[in-house]
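Report on one structure; see the data block that follows.
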Amino acid sequence: MVSYIVRKLFWAIPTLLGVSLLVFLMVHFIPGDPVLALTPKGATEEYRRQLRRELGLDRPLYEQYFRFIGRAIRGDFGRSVQSSRPVMEEFWQRFPATLELSLVSMFLAVLLGVGVGIISAVWRNTWLDYLSMTGALAGVSMPVFWLGLVLIYFFSFKLGWFPVSGRISSYVLLELPEPVTGLLMVDTLLVGDMEAFRSALSHLVLPSLALSTIPMAIIARMTRASMLEVLQAEYIKTARAKGCSSWRVIFVHALRNALIPVVTVIGLMLGSLLAGAVLTETTFSWPGVGKWVVDAVQQRDYPVIQAATLMISCIFILLNLGVDVLYAWIHPEIRYT
């Protein structure tokens with residue numbers, strides 16, 4: 001297993017290099033000049049040339065690329081063009097917001113998706129099955145931004161149960177000490193501030209519900225399909241013939257073997273969420289990575305775009321490796337060489 005992990009990490013290097021080259025070329029071929037976007041209308045040509053020289057945009061493309069890679073290896077992605085702050089400092093400032101939203105959304109998606117899929121498979125071709133799969137189809141088809149707006153309208157404007165945007169109330173945030181993890185629900189519990197915890201939780205409800213809809217529907221459909229296949233296997237019939245209870249057959253014998261494709265989907269969906277749920281973060285003004293990258297694209301902030309893309313690629317590679325390791329835990333007979 002250790003040699004397999006080392007080999008996977010080694011092969012991740014050319015993947016990251018390919019991604020970095022592709023993104024570097026794409027952002028440099030975007031129409032428009034970032035210097036023009038950064039300078040006021042009355043700026044002189046001399047000032048623009050000086051700014052272009054400071055940003056390194058006056059050098060050949062290959063030199064800019066190798067300079068970028070050399071710094072990236074040291075963890076230095078430069079400074080944001082807009083804020084003049086280190087890019088990685090801004091990334092780690094926003095990543096906990098995306099991580100918290102993604103983990104809560106995925107928890108809801110897995111809990112409800114796997115449960116609905118099991119119910120639909122066990123009671124196949126009944127009204128429970130039809131209702132579950134109709135709900136899953138609606139979840140896949142429903143635009144996230146539209147669902148977010150509907151949730152805001154009913155639960156924020158009409159009922160007033162949950163806040164519209166942000167991560168926590170501003171008056172509560174001012175009273176909190178320096179964050180430990182960046183995850184507000186965890187940090188508020190660590191300091192024992194239940195009012196701040198309730199505020200963080202209430203701000204998280206609507207965006208996590210909106211974000212979990214599509215993963216929940218996909219997981220439910222995948223769980224149903226996998227469970228239906230496993231329930232027809234000979235060892236399931238043997239377990240029933242030996243007198244095992246239905247619940248033991250479903251949750252001990254069937255579900256464990258049906259989880260392999262489901263775990264793959266969960267890993268991919270979690271990677272997509274951690275990459276930044278752009279529509280959800282924009283709809284709810286959630287200060288995460290997705291909204292940060294969108295703003296960077298609009299402002300042609302090259303260092304931010306390049307750094308965010310590489311970090312997202314690293315996240316996907318590590319999640320895929322984690323899924324492979326999880327396979328061996330679910331099925332101990334699986335061995336990697």
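Labels used: A, B, ... for chains in the order of the structure tokens, numbers from 1 for residues in each chain, and numbers from 1 for ligands as shown.
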
Please list as a compact mmCIF listing (two decimals) with C-alpha atoms, in the first residue's frame every residue within 7 Å of Pro163 of chain A, counting only C-alpha atoms and excluding residues in the same chain fewer than 2 positions away.
```
# COMPACT_ATOMS: atom_id res chain seq x y z
CA SER A 156 -35.39 34.30 4.76
CA SER A 165 -25.95 35.76 3.22
CA SER A 202 -28.11 29.34 10.88
CA HIS A 203 -25.98 30.96 8.16
```

Apply DSSP to the structure's backbone, then extract all residues of segment 34-245 of chain A labelled alpha helix (DSSP H) and return them as number ranges by chain. A: 34-38, 45-55, 61-73, 87-122, 127-141, 144-151, 170-173, 184-190, 194-231, 234-241

Skipping near chain neighbours, those fewer than 5 positions away, what residues fall within 10 Å of Leu255 of chain A using only C-alpha atoms, listed as a PyMOL selection string? chain A and resi 114+118+223+226-227+230-231+248-250+260

Show me, as number ranges by chain, the residues that have an atom within 6 Å of Ala109 of chain A when counting only C-alpha atoms, minus same-chain residues fewer than 2 positions from it. A: 106-107, 111-113, 212, 215-216

Who sits within 9 Å of Leu103 of chain A, only C-alpha atoms, same chain under 2 positions skipped, as JSON, numbers by chain: {"A": [98, 99, 100, 101, 105, 106, 107, 108, 208, 270, 273, 274]}

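If you measure from each of A:Val278, A:Ile317, A:Ala217, A:Pro261 to Pro14 of chain A using only C-alpha atoms, the closest one turns out to be A:Ile317.
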
Residue nearest Lys237 of chain A - candidates A:Val87, A:Ala254, A:Gln50, A:Leu206, atoms counted: only C-alpha atoms: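 The shortest atom-to-atom distance to Lys237 of chain A comes from A:Ala254.
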
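Between atom CA of Arg85 of chain A and atom CA of Val304 of chain A the interatomic distance comes to 10.4 Å.
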
Compile the contact shell of Arg221 of chain A as a short mmCIF file (atom, residue, chain, number, x, y, z; two decimals) with all heavy atoms, in the first residue's frame: residues with an atom at most 8 Å away, counting only C-alpha atoms, same-chain residues fewer than 5 positions apart removed.
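Below is the file that was written, part03.cif:
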```
data_model
loop_
_atom_site.label_atom_id
_atom_site.label_comp_id
_atom_site.auth_asym_id
_atom_site.auth_seq_id
_atom_site.Cartn_x
_atom_site.Cartn_y
_atom_site.Cartn_z
N GLY A 113 -28.75 10.65 0.68
CA GLY A 113 -28.63 9.96 -0.60
C GLY A 113 -28.51 8.45 -0.44
O GLY A 113 -29.21 7.68 -1.11
N GLY A 117 -31.37 5.78 -1.44
CA GLY A 117 -31.02 4.72 -2.39
C GLY A 117 -31.30 3.34 -1.86
O GLY A 117 -31.77 2.46 -2.60
N MET A 133 -37.03 8.14 -6.61
CA MET A 133 -36.33 8.41 -7.87
C MET A 133 -36.86 9.67 -8.56
O MET A 133 -36.12 10.36 -9.26
CB MET A 133 -36.45 7.20 -8.79
CG MET A 133 -35.63 6.01 -8.31
SD MET A 133 -33.84 6.40 -8.13
CE MET A 133 -33.70 6.69 -6.35
N ALA A 136 -35.05 12.33 -6.80
CA ALA A 136 -33.65 12.37 -7.24
C ALA A 136 -33.53 13.02 -8.62
O ALA A 136 -32.60 13.79 -8.87
CB ALA A 136 -33.08 10.95 -7.28
#
```

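With distances restricted to only C-alpha atoms, A:Arg224 is the closest residue to Ala121 of chain A from A:Arg167, A:Arg224, A:Arg71, A:Arg94.
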
Using only C-alpha atoms, find the one residue out of A:Leu326, A:Met26, A:Ala308, A:Leu279 that sits nearest to Ala210 of chain A. A:Leu279

Find the spatial neighbours of segment 79-82 of chain A, counting only C-alpha atoms, within a cut-off of 9 Å - ignore same-chain residues fewer than 2 positions away - and output them as a list in words. Pro34, Leu38, Leu55, Asp76, Phe77, Ser84, Arg85, Pro86, Val87, Met88, Glu90, Ala296, Gln299, Arg300, Asp301, Tyr302, Pro303 and Val304 of chain A
